[in-house]
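K.L.:
For reference, the file final.tsv (TSV, C-alpha atoms and all ligand atoms) is included below:
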chain	number	residue	atom	x	y	z
A	1319	MET	CA	7.69	13.98	-42.59
A	1320	GLU	CA	5.09	12.30	-44.74
A	1321	ARG	CA	6.48	8.89	-43.88
A	1322	GLU	CA	6.43	9.75	-40.17
A	1323	TYR	CA	2.79	10.92	-40.41
A	1324	ALA	CA	1.77	7.71	-42.18
A	1325	GLN	CA	3.50	5.68	-39.44
A	1326	PHE	CA	1.94	7.86	-36.77
A	1327	PHE	CA	-1.62	7.42	-38.08
A	1328	ASP	CA	-1.12	3.70	-38.32
A	1329	VAL	CA	0.10	3.52	-34.70
A	1330	PHE	CA	-2.59	5.94	-33.52
A	1331	ILE	CA	-5.36	3.79	-34.97
A	1332	LYS	CA	-3.91	0.60	-33.47
A	1333	VAL	CA	-3.49	2.18	-30.03
A	1334	SER	CA	-7.01	3.68	-30.09
A	1335	LYS	CA	-8.44	0.29	-31.01
A	1336	ALA	CA	-6.54	-1.38	-28.18
A	1337	ILE	CA	-7.86	1.21	-25.71
A	1338	HIS	CA	-11.48	0.85	-26.83
A	1339	THR	CA	-11.37	-2.92	-26.79
A	1340	GLY	CA	-10.01	-2.89	-23.24
A	1341	GLY	CA	-6.46	-3.95	-24.14
A	1342	ASN	CA	-3.79	-4.40	-21.53
A	1343	THR	CA	-2.61	-0.93	-20.37
A	1344	THR	CA	1.05	-1.88	-19.99
A	1345	GLU	CA	1.09	-3.33	-23.50
A	1346	ILE	CA	-0.54	-0.17	-24.87
A	1347	LEU	CA	2.08	2.01	-23.18
A	1348	GLU	CA	4.87	-0.28	-24.41
A	1349	ARG	CA	3.54	0.08	-27.92
A	1350	ILE	CA	3.41	3.88	-27.55
A	1351	VAL	CA	7.00	4.29	-26.30
A	1352	THR	CA	8.30	1.82	-28.90
A	1353	HIS	CA	6.60	3.58	-31.79
A	1354	ILE	CA	7.56	7.06	-30.63
A	1355	SER	CA	11.21	5.92	-30.58
A	1356	ASP	CA	10.86	4.36	-34.04
A	1357	ILE	CA	8.97	7.21	-35.71
A	1358	LEU	CA	11.35	9.88	-34.44
A	1359	SER	CA	14.51	7.74	-34.54
A	1360	ALA	CA	15.12	8.44	-30.87
A	1361	LYS	CA	17.58	6.47	-28.79
A	1362	GLY	CA	14.83	5.70	-26.34
A	1363	CYS	CA	11.58	6.74	-24.71
A	1364	ILE	CA	10.24	6.40	-21.15
A	1365	PHE	CA	6.73	6.95	-19.81
A	1366	TRP	CA	6.65	7.52	-16.06
A	1367	ILE	CA	3.40	7.41	-14.11
A	1368	VAL	CA	3.82	9.48	-10.96
A	1369	ASP	CA	1.58	10.17	-8.00
A	1370	ARG	CA	2.24	13.79	-7.07
A	1371	GLY	CA	0.15	13.50	-3.89
A	1372	GLN	CA	2.17	10.55	-2.57
A	1373	LYS	CA	5.36	11.79	-4.23
A	1374	THR	CA	6.12	8.40	-5.73
A	1375	ILE	CA	6.76	6.86	-9.13
A	1376	LYS	CA	3.94	4.35	-9.63
A	1377	ASN	CA	5.25	2.76	-12.81
A	1378	LYS	CA	7.47	3.36	-15.79
A	1379	ILE	CA	7.51	1.86	-19.24
A	1380	SER	CA	10.59	2.29	-21.37
A	1381	HIS	CA	11.95	1.37	-24.76
A	1382	GLY	CA	15.26	1.69	-26.56
A	1383	PHE	CA	18.77	2.32	-25.35
A	1384	SER	CA	18.56	1.45	-21.70
A	1385	TYR	CA	19.85	4.81	-20.42
A	1386	ARG	CA	19.57	2.66	-17.37
A	1387	ASN	CA	20.25	5.23	-14.75
A	1388	LEU	CA	17.71	7.68	-16.08
A	1389	ALA	CA	15.14	4.89	-16.01
A	1390	GLU	CA	16.08	4.10	-12.41
A	1391	ILE	CA	16.03	7.57	-10.87
A	1392	ASP	CA	13.83	8.22	-7.88
A	1393	TYR	CA	10.85	10.55	-7.66
A	1394	GLU	CA	12.76	13.56	-6.30
A	1395	THR	CA	15.43	13.39	-9.02
A	1396	LEU	CA	12.82	12.89	-11.72
A	1397	MET	CA	10.88	15.96	-10.59
A	1398	ALA	CA	14.07	18.01	-10.31
A	1399	ILE	CA	15.07	17.16	-13.89
A	1400	PHE	CA	11.58	17.65	-15.31
A	1401	ASP	CA	10.48	20.57	-13.17
A	1402	GLN	CA	7.25	21.40	-14.98
A	1403	GLN	CA	6.54	24.88	-13.51
A	1404	GLY	CA	3.31	25.27	-15.49
A	1405	LYS	CA	4.88	24.32	-18.83
A	1406	ASP	CA	3.50	21.50	-20.95
A	1407	CYS	CA	6.91	20.33	-22.17
A	1408	ILE	CA	10.58	20.65	-21.31
A	1409	HIS	CA	13.46	20.54	-23.74
A	1410	ILE	CA	16.97	19.80	-22.57
A	1411	GLU	CA	19.12	20.72	-25.54
A	1412	ASP	CA	22.31	19.04	-24.41
A	1413	ALA	CA	22.24	16.59	-21.52
A	1414	THR	CA	26.03	16.51	-21.35
A	1415	THR	CA	26.20	20.10	-20.16
A	1416	ASP	CA	22.74	20.82	-18.72
A	1417	SER	CA	22.77	21.47	-14.98
A	1418	ARG	CA	19.33	19.88	-14.55
A	1419	ILE	CA	20.91	16.48	-15.13
A	1420	PRO	CA	22.75	15.66	-11.93
A	1421	ASN	CA	25.81	13.47	-11.67
A	1422	LEU	CA	26.88	13.11	-15.30
A	1423	ASP	CA	28.53	9.74	-15.12
A	1424	LYS	CA	25.93	8.22	-12.89
A	1425	ILE	CA	23.08	8.65	-15.32
A	1426	GLY	CA	25.04	7.89	-18.47
A	1427	LYS	CA	24.73	11.48	-19.62
A	1428	LYS	CA	27.72	11.31	-21.91
A	1429	ARG	CA	25.90	9.06	-24.30
A	1430	VAL	CA	22.78	11.21	-24.66
A	1431	GLY	CA	22.31	14.53	-26.47
A	1432	SER	CA	18.86	16.13	-26.27
A	1433	ILE	CA	16.01	15.09	-24.01
A	1434	HIS	CA	12.43	16.18	-24.62
A	1435	ALA	CA	9.72	15.63	-22.02
A	1436	LEU	CA	5.95	16.16	-22.16
A	1437	PHE	CA	3.48	16.15	-19.28
A	1438	PHE	CA	0.05	14.57	-19.13
A	1439	GLU	CA	-2.76	14.67	-16.60
A	1440	ILE	CA	-4.23	11.26	-15.85
A	1441	VAL	CA	-6.63	11.15	-12.88
A	1442	ARG	CA	-6.49	12.69	-9.41
A	1443	ASP	CA	-2.81	13.08	-8.45
A	1444	TYR	CA	-1.64	10.73	-11.18
A	1445	HIS	CA	0.40	12.38	-13.91
A	1446	GLY	CA	2.39	11.07	-16.84
A	1447	ILE	CA	5.84	12.23	-17.91
A	1448	LEU	CA	6.90	11.07	-21.33
A	1449	ALA	CA	10.56	11.64	-22.13
A	1450	LEU	CA	12.39	10.80	-25.34
A	1451	TYR	CA	16.10	11.17	-25.77
A	1452	PHE	CA	18.38	11.37	-28.78
A	1453	ARG	CA	21.99	10.53	-29.45
A	1454	ASP	CA	22.61	14.01	-30.86
A	1455	THR	CA	21.39	17.44	-29.96
A	1456	ARG	CA	18.16	18.20	-31.73
A	1457	ALA	CA	14.82	19.87	-31.06
A	1458	LEU	CA	11.41	18.53	-32.02
A	1459	THR	CA	9.61	20.22	-34.88
A	1460	PRO	CA	6.03	21.35	-34.06
A	1461	ALA	CA	4.75	18.42	-36.16
A	1462	GLU	CA	6.93	15.92	-34.28
A	1463	GLU	CA	5.82	17.35	-30.99
A	1464	GLU	CA	2.21	16.92	-32.09
A	1465	ILE	CA	2.85	13.26	-32.81
A	1466	VAL	CA	4.42	12.66	-29.41
A	1467	ARG	CA	1.64	14.58	-27.66
A	1468	ALA	CA	-1.13	12.72	-29.48
A	1469	LEU	CA	0.36	9.32	-28.64
A	1470	GLY	CA	1.16	10.36	-25.08
A	1471	GLU	CA	-2.48	11.50	-24.63
A	1472	GLN	CA	-3.59	8.07	-25.82
A	1473	GLY	CA	-1.42	6.57	-23.07
A	1474	ALA	CA	-3.04	8.89	-20.53
A	1475	ILE	CA	-6.52	7.85	-21.74
A	1476	ALA	CA	-5.58	4.15	-21.44
A	1477	LEU	CA	-4.42	4.83	-17.87
A	1478	GLN	CA	-7.56	6.81	-17.01
A	1479	LYS	CA	-9.69	3.89	-18.16
A	1480	SER	CA	-7.75	1.27	-16.29
A	1481	LEU	CA	-7.48	3.32	-13.08
A	1482	SER	CA	-11.21	4.03	-12.99
A	1483	PHE	CA	-11.85	0.32	-13.60
A	1484	ASP	CA	-9.52	-0.47	-10.65
A	1485	GLU	CA	-11.51	2.05	-8.57
A	1486	LYS	CA	-14.77	0.27	-9.39
A	1487	MET	CA	-13.22	-3.10	-8.52
A	1488	LEU	CA	-11.98	-1.69	-5.23
A	1489	ASP	CA	-15.45	-0.36	-4.40
A	1490	THR	CA	-16.88	-3.82	-4.98
A	1491	LEU	CA	-14.15	-5.34	-2.83
A	1492	ARG	CA	-14.87	-2.85	-0.03
A	1493	GLN	CA	-18.58	-3.70	-0.12
A	1494	ILE	CA	-17.86	-7.44	0.06
A	1495	VAL	CA	-15.48	-7.00	2.98
A	1496	GLU	CA	-18.00	-4.82	4.84
A	1497	GLY	CA	-20.70	-7.42	4.17
A	1498	PHE	CA	-18.55	-10.17	5.70
A	1499	THR	CA	-17.82	-7.99	8.73
A	1500	LEU	CA	-21.49	-7.20	9.32
A	1501	ALA	CA	-22.35	-10.89	9.05
A	1502	LEU	CA	-19.73	-11.76	11.68
A	1503	GLU	CA	-20.61	-8.99	14.09
A	1504	ALA	CA	-24.36	-9.55	13.82
A	1505	LYS	CA	-23.67	-12.93	15.41
A	1506	ASP	CA	-22.42	-11.64	18.70
A	1507	GLU	CA	-23.69	-8.56	20.52
A	1508	GLN	CA	-20.68	-8.32	22.86
A	1509	THR	CA	-18.09	-8.17	20.08
A	1510	HIS	CA	-20.13	-5.67	18.10
A	1511	GLY	CA	-17.81	-3.10	16.55
A	1512	HIS	CA	-14.66	-5.04	17.56
A	1513	SER	CA	-13.48	-5.66	13.99
A	1514	VAL	CA	-14.10	-2.07	12.89
A	1515	ARG	CA	-12.21	-0.69	15.88
A	1516	VAL	CA	-9.31	-3.12	15.32
A	1517	ALA	CA	-9.27	-2.09	11.64
A	1518	ASN	CA	-9.21	1.61	12.54
A	1519	PHE	CA	-6.34	1.24	15.03
A	1520	ALA	CA	-4.45	-0.87	12.48
A	1521	MET	CA	-4.99	1.72	9.76
A	1522	SER	CA	-3.57	4.48	12.02
A	1523	ILE	CA	-0.49	2.36	12.76
A	1524	ALA	CA	0.04	1.50	9.06
A	1525	ARG	CA	-0.19	5.17	8.10
A	1526	ARG	CA	2.12	6.23	10.90
A	1527	MET	CA	4.66	3.63	9.71
A	1528	GLY	CA	4.57	5.21	6.25
A	1529	LEU	CA	3.12	2.17	4.47
A	1530	THR	CA	1.62	2.71	1.02
A	1531	ASP	CA	-2.12	3.30	0.51
A	1532	ALA	CA	-2.48	-0.20	-0.91
A	1533	GLN	CA	-0.70	-1.81	2.07
A	1534	THR	CA	-2.75	0.29	4.49
A	1535	GLU	CA	-5.99	-0.76	2.83
A	1536	THR	CA	-4.96	-4.43	2.96
A	1537	ILE	CA	-4.26	-4.10	6.69
A	1538	TYR	CA	-7.58	-2.28	7.23
A	1539	HIS	CA	-9.41	-5.12	5.46
A	1540	GLY	CA	-7.37	-7.59	7.52
A	1541	GLY	CA	-8.70	-5.81	10.64
A	1542	LEU	CA	-12.29	-6.08	9.43
A	1543	LEU	CA	-11.92	-9.75	8.54
A	1544	HIS	CA	-9.39	-11.10	11.05
A	1545	ASP	CA	-11.99	-13.06	13.06
A	1546	ILE	CA	-14.15	-14.09	10.09
A	1547	GLY	CA	-13.25	-17.72	10.93
A	1548	LYS	CA	-15.47	-17.41	14.02
A	1549	ILE	CA	-18.52	-17.04	11.81
A	1550	GLY	CA	-19.41	-20.73	11.85
A	1551	MET	CA	-18.51	-21.29	15.50
A	1552	ASN	CA	-20.89	-22.24	18.22
A	1553	ASP	CA	-22.23	-19.11	19.94
A	1554	GLN	CA	-22.09	-20.70	23.40
A	1555	ILE	CA	-18.35	-21.26	23.03
A	1556	LEU	CA	-17.71	-17.73	21.82
A	1557	GLU	CA	-19.67	-16.35	24.77
A	1558	ARG	CA	-17.37	-18.20	27.16
A	1559	LEU	CA	-14.20	-16.43	25.98
A	1560	GLY	CA	-12.05	-15.96	29.07
A	1561	ILE	CA	-13.30	-19.12	30.81
A	1562	LEU	CA	-12.84	-21.71	28.06
A	1563	ASN	CA	-11.80	-25.25	28.86
A	1564	ARG	CA	-8.99	-26.95	26.92
A	1565	LYS	CA	-11.31	-28.55	24.37
A	1566	GLU	CA	-13.20	-25.32	23.70
A	1567	MET	CA	-9.92	-23.45	23.45
A	1568	ASP	CA	-8.74	-25.86	20.74
A	1569	ILE	CA	-11.93	-25.19	18.79
A	1570	VAL	CA	-11.60	-21.40	19.03
A	1571	ARG	CA	-7.95	-21.64	18.03
A	1572	GLN	CA	-9.08	-22.96	14.67
A	1573	HIS	CA	-10.53	-19.59	13.65
A	1574	PRO	CA	-7.43	-18.13	11.90
A	1575	LEU	CA	-7.20	-21.24	9.69
A	1576	ILE	CA	-10.94	-21.31	9.02
A	1577	GLY	CA	-10.83	-17.59	8.18
A	1578	ALA	CA	-7.94	-18.14	5.77
A	1579	ARG	CA	-9.87	-21.00	4.17
A	1580	ILE	CA	-12.97	-18.80	3.73
A	1581	THR	CA	-11.01	-16.04	2.00
A	1582	GLN	CA	-8.59	-18.28	0.07
A	1583	PRO	CA	-10.80	-18.73	-3.03
A	1584	LEU	CA	-11.27	-14.96	-3.31
A	1585	VAL	CA	-8.33	-13.83	-5.43
A	1586	PHE	CA	-8.85	-10.15	-4.56
A	1587	LEU	CA	-8.33	-10.99	-0.88
A	1588	SER	CA	-5.07	-12.85	-1.49
A	1589	ASP	CA	-3.05	-10.16	0.35
A	1590	VAL	CA	-5.47	-10.20	3.28
A	1591	GLU	CA	-5.48	-13.97	3.75
A	1592	PRO	CA	-2.01	-14.23	5.42
A	1593	LEU	CA	-3.04	-11.49	7.86
A	1594	ILE	CA	-6.11	-13.47	8.88
A	1595	ARG	CA	-4.10	-16.69	9.17
A	1596	HIS	CA	-1.34	-15.18	11.31
A	1597	HIS	CA	-3.08	-12.66	13.57
A	1598	HIS	CA	-2.55	-14.94	16.61
A	1599	GLU	CA	1.12	-15.64	16.05
A	1600	ARG	CA	3.37	-14.28	18.77
A	1601	TRP	CA	6.60	-12.35	18.38
A	1602	ASP	CA	8.44	-15.04	20.43
A	1603	GLY	CA	7.19	-17.85	18.19
A	1604	THR	CA	4.78	-19.44	20.67
A	1605	GLY	CA	1.59	-18.34	18.92
A	1606	TYR	CA	-0.64	-20.21	16.50
A	1607	PRO	CA	-1.41	-21.63	13.96
A	1608	ASP	CA	2.14	-21.89	12.59
A	1609	GLY	CA	4.37	-20.74	15.45
A	1610	LEU	CA	5.97	-18.09	13.24
A	1611	LYS	CA	8.49	-15.90	15.03
A	1612	GLY	CA	9.55	-12.24	14.83
A	1613	LYS	CA	9.64	-10.74	11.37
A	1614	ASP	CA	8.67	-14.07	9.78
A	1615	ILE	CA	5.15	-13.04	10.82
A	1616	PRO	CA	3.73	-10.76	8.08
A	1617	LEU	CA	3.93	-7.11	9.16
A	1618	GLY	CA	0.15	-6.61	8.73
A	1619	ALA	CA	-0.53	-9.59	11.01
A	1620	ARG	CA	1.87	-8.20	13.65
A	1621	ILE	CA	-0.03	-4.90	13.54
A	1622	LEU	CA	-3.37	-6.69	13.88
A	1623	THR	CA	-2.15	-8.73	16.88
A	1624	VAL	CA	-1.39	-5.55	18.81
A	1625	CYS	CA	-4.66	-3.85	17.82
A	1626	ASP	CA	-6.75	-6.98	18.49
A	1627	ALA	CA	-5.38	-7.33	22.02
A	1628	PHE	CA	-5.63	-3.59	22.71
A	1629	GLU	CA	-9.25	-3.38	21.56
A	1630	THR	CA	-10.22	-6.52	23.47
A	1631	MET	CA	-8.67	-5.16	26.68
A	1632	LEU	CA	-10.49	-1.84	26.33
A	1633	ALA	CA	-13.86	-3.34	25.36
A	1634	GLY	CA	-13.85	-6.38	27.69
A	1635	ARG	CA	-15.94	-9.50	27.21
A	1636	LYS	CA	-18.73	-11.22	29.06
A	1637	HIS	CA	-16.29	-13.06	31.33
A	1638	PHE	CA	-13.58	-10.46	31.79
A	1639	ALA	CA	-14.14	-6.84	32.62
A	1640	LYS	CA	-12.94	-4.07	30.38
A	1641	MET	CA	-9.66	-2.56	31.46
A	1642	LYS	CA	-8.75	1.04	32.08
A	1643	LEU	CA	-6.58	2.45	29.32
A	1644	GLU	CA	-3.63	2.65	31.74
A	1645	ASP	CA	-3.87	-1.10	32.45
A	1646	ALA	CA	-4.07	-1.89	28.74
A	1647	ILE	CA	-0.94	0.22	28.19
A	1648	VAL	CA	0.90	-1.70	30.92
A	1649	ASN	CA	-0.15	-5.02	29.37
A	1650	LEU	CA	1.00	-3.96	25.92
A	1651	GLN	CA	4.35	-2.85	27.29
A	1652	LEU	CA	4.77	-6.09	29.24
A	1653	GLY	CA	3.80	-8.13	26.19
A	1654	ALA	CA	6.20	-6.30	23.86
A	1655	ALA	CA	8.98	-8.59	22.66
A	1656	SER	CA	7.10	-11.69	23.84
A	1657	GLN	CA	3.58	-11.48	22.43
A	1658	PHE	CA	3.92	-8.31	20.37
A	1659	ASP	CA	6.39	-6.73	17.97
A	1660	PRO	CA	7.86	-4.03	20.26
A	1661	GLU	CA	8.25	-1.56	17.39
A	1662	ILE	CA	4.54	-1.72	16.67
A	1663	VAL	CA	3.62	-1.25	20.33
A	1664	LEU	CA	5.86	1.81	20.28
A	1665	VAL	CA	4.10	3.18	17.20
A	1666	LEU	CA	0.73	2.68	18.92
A	1667	PHE	CA	2.03	4.51	22.02
A	1668	ASP	CA	3.22	7.39	19.79
A	1669	ILE	CA	-0.23	7.60	18.21
A	1670	LEU	CA	-2.01	7.49	21.59
A	1671	GLU	CA	0.29	10.17	22.97
A	1672	GLU	CA	-0.44	12.46	20.02
A	1673	GLN	CA	-4.14	11.63	19.60
A	1674	PRO	CA	-5.28	10.48	23.06
A	1675	GLU	CA	-8.92	11.04	22.08
A	1676	ILE	CA	-8.95	7.96	19.80
A	1677	ALA	CA	-8.89	5.74	22.89
A	1678	GLY	CA	-10.56	8.16	25.31
A	1679	ALA	CA	-7.27	8.91	27.11
A	1680	THR	CA	-7.14	11.33	30.03
A	1681	GLN	CA	-4.13	13.40	31.07
A	1682	ALA	CA	-3.25	10.64	33.56
A	1683	SER	CA	-3.27	8.02	30.82
A	1684	VAL	CA	-1.05	10.22	28.61
A	1685	SER	CA	1.54	10.34	31.44
A	1686	CYS	CA	1.20	6.57	31.76
A	1687	ILE	CA	1.80	6.18	28.00
A	1688	GLN	CA	4.92	8.33	28.27
A	1689	ILE	CA	6.30	6.27	31.17
A	1690	HIS	CA	5.70	2.98	29.37
A	1691	LYS	CA	7.08	4.31	26.13
A	1692	ARG	CA	10.32	5.08	27.98
A	1693	ARG	CA	10.31	1.64	29.55
A	1694	LEU	CA	9.72	0.03	26.20
A	1695	LYS	CA	12.52	2.01	24.66
A	1696	ASN	CA	14.78	0.88	27.47
A	1697	ASN	CA	13.93	-2.63	26.43
A	1698	GLN	CA	12.53	-3.61	29.81
A	1699	ALA	CA	9.71	-5.66	28.33
A	1700	ARG	CA	8.99	-8.91	30.10
A	1701	LYS	CA	7.08	-11.95	29.01
A	1702	SER	CA	3.36	-12.00	29.60
A	1703	SER	CA	0.86	-14.69	28.93
A	1704	SER	CA	-1.82	-14.25	26.32
A	1705	LEU	CA	-5.38	-13.67	27.42
A	1706	PHE	CA	-6.70	-13.10	23.98
A	1707	ILE	CA	-7.72	-15.78	21.59
A	1801	FE	FE	-8.79	-13.73	16.48
A	1802	FE	FE	-10.26	-10.27	17.29
Would you mind writing the structure in this file as structure tokens?
P.N.:
Amino acid sequence: MEREYAQFFDVFIKVSKAIHTGGNTTEILERIVTHISDILSAKGCIFWIVDRGQKTIKNKISHGFSYRNLAEIDYETLMAIFDQQGKDCIHIEDATTDSRIPNLDKIGKKRVGSIHALFFEIVRDYHGILALYFRDTRALTPAEEEIVRALGEQGAIALQKSLSFDEKMLDTLRQIVEGFTLALEAKDEQTHGHSVRVANFAMSIARRMGLTDAQTETIYHGGLLHDIGKIGMNDQILERLGILNRKEMDIVRQHPLIGARITQPLVFLSDVEPLIRHHHERWDGTGYPDGLKGKDIPLGARILTVCDAFETMLAGRKHFAKMKLEDAIVNLQLGAASQFDPEIVLVLFDILEEQPEIAGATQASVSCIQIHKRRLKNNQARKSSSLFI
């Protein structure tokens, strides 16, 4: 045990140093799982980072015998095997016979004896599960368990540090995006609030479609920034939306490309840039700037197209009156499969049916939504021309 302790202290010091000097978190975790395997002569070690709120595995770092199928299990299986129930560790004496390990052959159970897992709190819903497995059946001594726990805690600390740094970065990003949005909307009284409303509709659709938090946030930012390319445009042209001549139309049609160019140097907006560039593509491929078609258009951009048109119809502009919700619904249904991704229109209809208040729907408009949802489902969508640029 003396040799193990000497090794442990050496590793502990190196890991602590790496954490305090802001070392790369993945490398720190790799070092931890590698050294735990070495010190305790385990076949392998895996550190899972799970989000218990979202019920997903966020990341996993492994070392040693691949025990491939254990490393590849999904969240539900992982939680079933390591069902914590208030304990701070779980010991599976013999994986070949233990009922917690499902489907023996599938997870390579025959080649593994004991499995020992420890649990760590990280931040919010993030938790760590550190599992080490041995060729034979064996338990950890209290001293060995202490070593694993101490190194595992170091991993949790490294994660806490990096996640709170990510949080700070995200806050800065949010402030920058909001600043851009305010700058754009301050320009034009009649479009005031347009970007925020588009972003809110888009966020509801993304959530309803079960997208991840990160994807939803990207789409929300895409909503806030989609028209940022209009920021340098002549106010008189923007005021004439709805009655533009050909030449003016060509100028306004530049705004997705200008917007993409504005955001392109900002690395943290790299996921948002394609949404800005493609928010005027059409499902049938006749949109701009690239004439992308169907699912070649990024999903976030397809969501924004629907929300942009919907918000514009409801709010109106100087040269075209705002529409009643029922008329906007009809237009969306008619534009599905030509201008819009029909699945996204359907998701918006579902949301409006369940939360009519978000668009000020009356009972009559709810019936209208139901009728057009049926029509959409029956694939009766027809082509409609685009009013919205
Ligand atoms: Fe636009
Ligand atoms: Fe817009």
K.L.:
Select, from A:Pro1460, A:Gly1605, A:Gly1678, A:Gly1540, the residue with the minimum atom-to-atom distance to A:Leu1643, counting all atoms listed in the file.
P.N.:
A:Gly1678
K.L.:
Under the rule that all atoms listed in the file are counted, which of A:Thr1343, A:Gln1402, A:Ser1656, A:Ser1513 is the nearest residue to A:Val1495?
P.N.:
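Of the candidates, the smallest distance to A:Val1495 is held by A:Ser1513.
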K.L.:
Compile the contact shell of stretch 1435-1439 of chain A as a list in words: residues with an atom at most 9 Å away, counting only C-alpha atoms, same-chain residues fewer than 6 positions apart removed.
P.N.:
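Final neighbour list, sorted by chain and number: Phe1400, Gln1402, Lys1405, Asp1406, Cys1407, Ile1408, His1409, Ile1410, His1445, Gly1446, Ile1447, Leu1448, Ala1449, Leu1450, Tyr1451, Glu1463, Val1466, Arg1467, Gly1470, Glu1471 and Ala1474 of chain A.
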K.L.:
Could I get the residue neighbourhood of ligand FE 1801 (chain A) at 9 Å, counting only C-alpha atoms and all ligand atoms, as a list in words?
P.N.:
His1544, Asp1545, Ile1546, Gly1547, Lys1548, Val1570, Arg1571, His1573, Pro1574, Ile1594, His1597, His1598, Thr1623, Asp1626, Phe1706 and Ile1707 of chain A
K.L.:
Closest to A:Thr1630 among A:Thr1509, A:Ser1480, A:Thr1680, A:Ser1685, using only C-alpha atoms?
P.N.:
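Selected residue with least distance to A:Thr1630: A:Thr1509.
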K.L.:
Closest to ligand FE 1802 (chain A) among A:Phe1658, A:Phe1628, A:Tyr1323, A:Phe1483, using all atoms listed in the file?
P.N.:
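Ranked by minimum distance to ligand FE 1802 (chain A), first place goes to A:Phe1628.
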K.L.:
What lies within 12 Å of A:Ala1524 using all atoms listed in the file, ignoring chain neighbours under 5 positions off, as a CSV table (one decimal) with C-alpha atoms, in the coordinates of the input?
P.N.:
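Here's the written file out_7.csv:
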chain,number,residue,atom,x,y,z
A,1517,ALA,CA,-9.3,-2.1,11.6
A,1518,ASN,CA,-9.2,1.6,12.5
A,1519,PHE,CA,-6.3,1.2,15.0
A,1529,LEU,CA,3.1,2.2,4.5
A,1530,THR,CA,1.6,2.7,1.0
A,1531,ASP,CA,-2.1,3.3,0.5
A,1532,ALA,CA,-2.5,-0.2,-0.9
A,1533,GLN,CA,-0.7,-1.8,2.1
A,1534,THR,CA,-2.8,0.3,4.5
A,1535,GLU,CA,-6.0,-0.8,2.8
A,1536,THR,CA,-5.0,-4.4,3.0
A,1537,ILE,CA,-4.3,-4.1,6.7
A,1538,TYR,CA,-7.6,-2.3,7.2
A,1540,GLY,CA,-7.4,-7.6,7.5
A,1541,GLY,CA,-8.7,-5.8,10.6
A,1617,LEU,CA,3.9,-7.1,9.2
A,1618,GLY,CA,0.2,-6.6,8.7
A,1619,ALA,CA,-0.5,-9.6,11.0
A,1620,ARG,CA,1.9,-8.2,13.6
A,1621,ILE,CA,0.0,-4.9,13.5
A,1622,LEU,CA,-3.4,-6.7,13.9
A,1625,CYS,CA,-4.7,-3.8,17.8
A,1662,ILE,CA,4.5,-1.7,16.7
A,1665,VAL,CA,4.1,3.2,17.2
A,1666,LEU,CA,0.7,2.7,18.9
A,1669,ILE,CA,-0.2,7.6,18.2
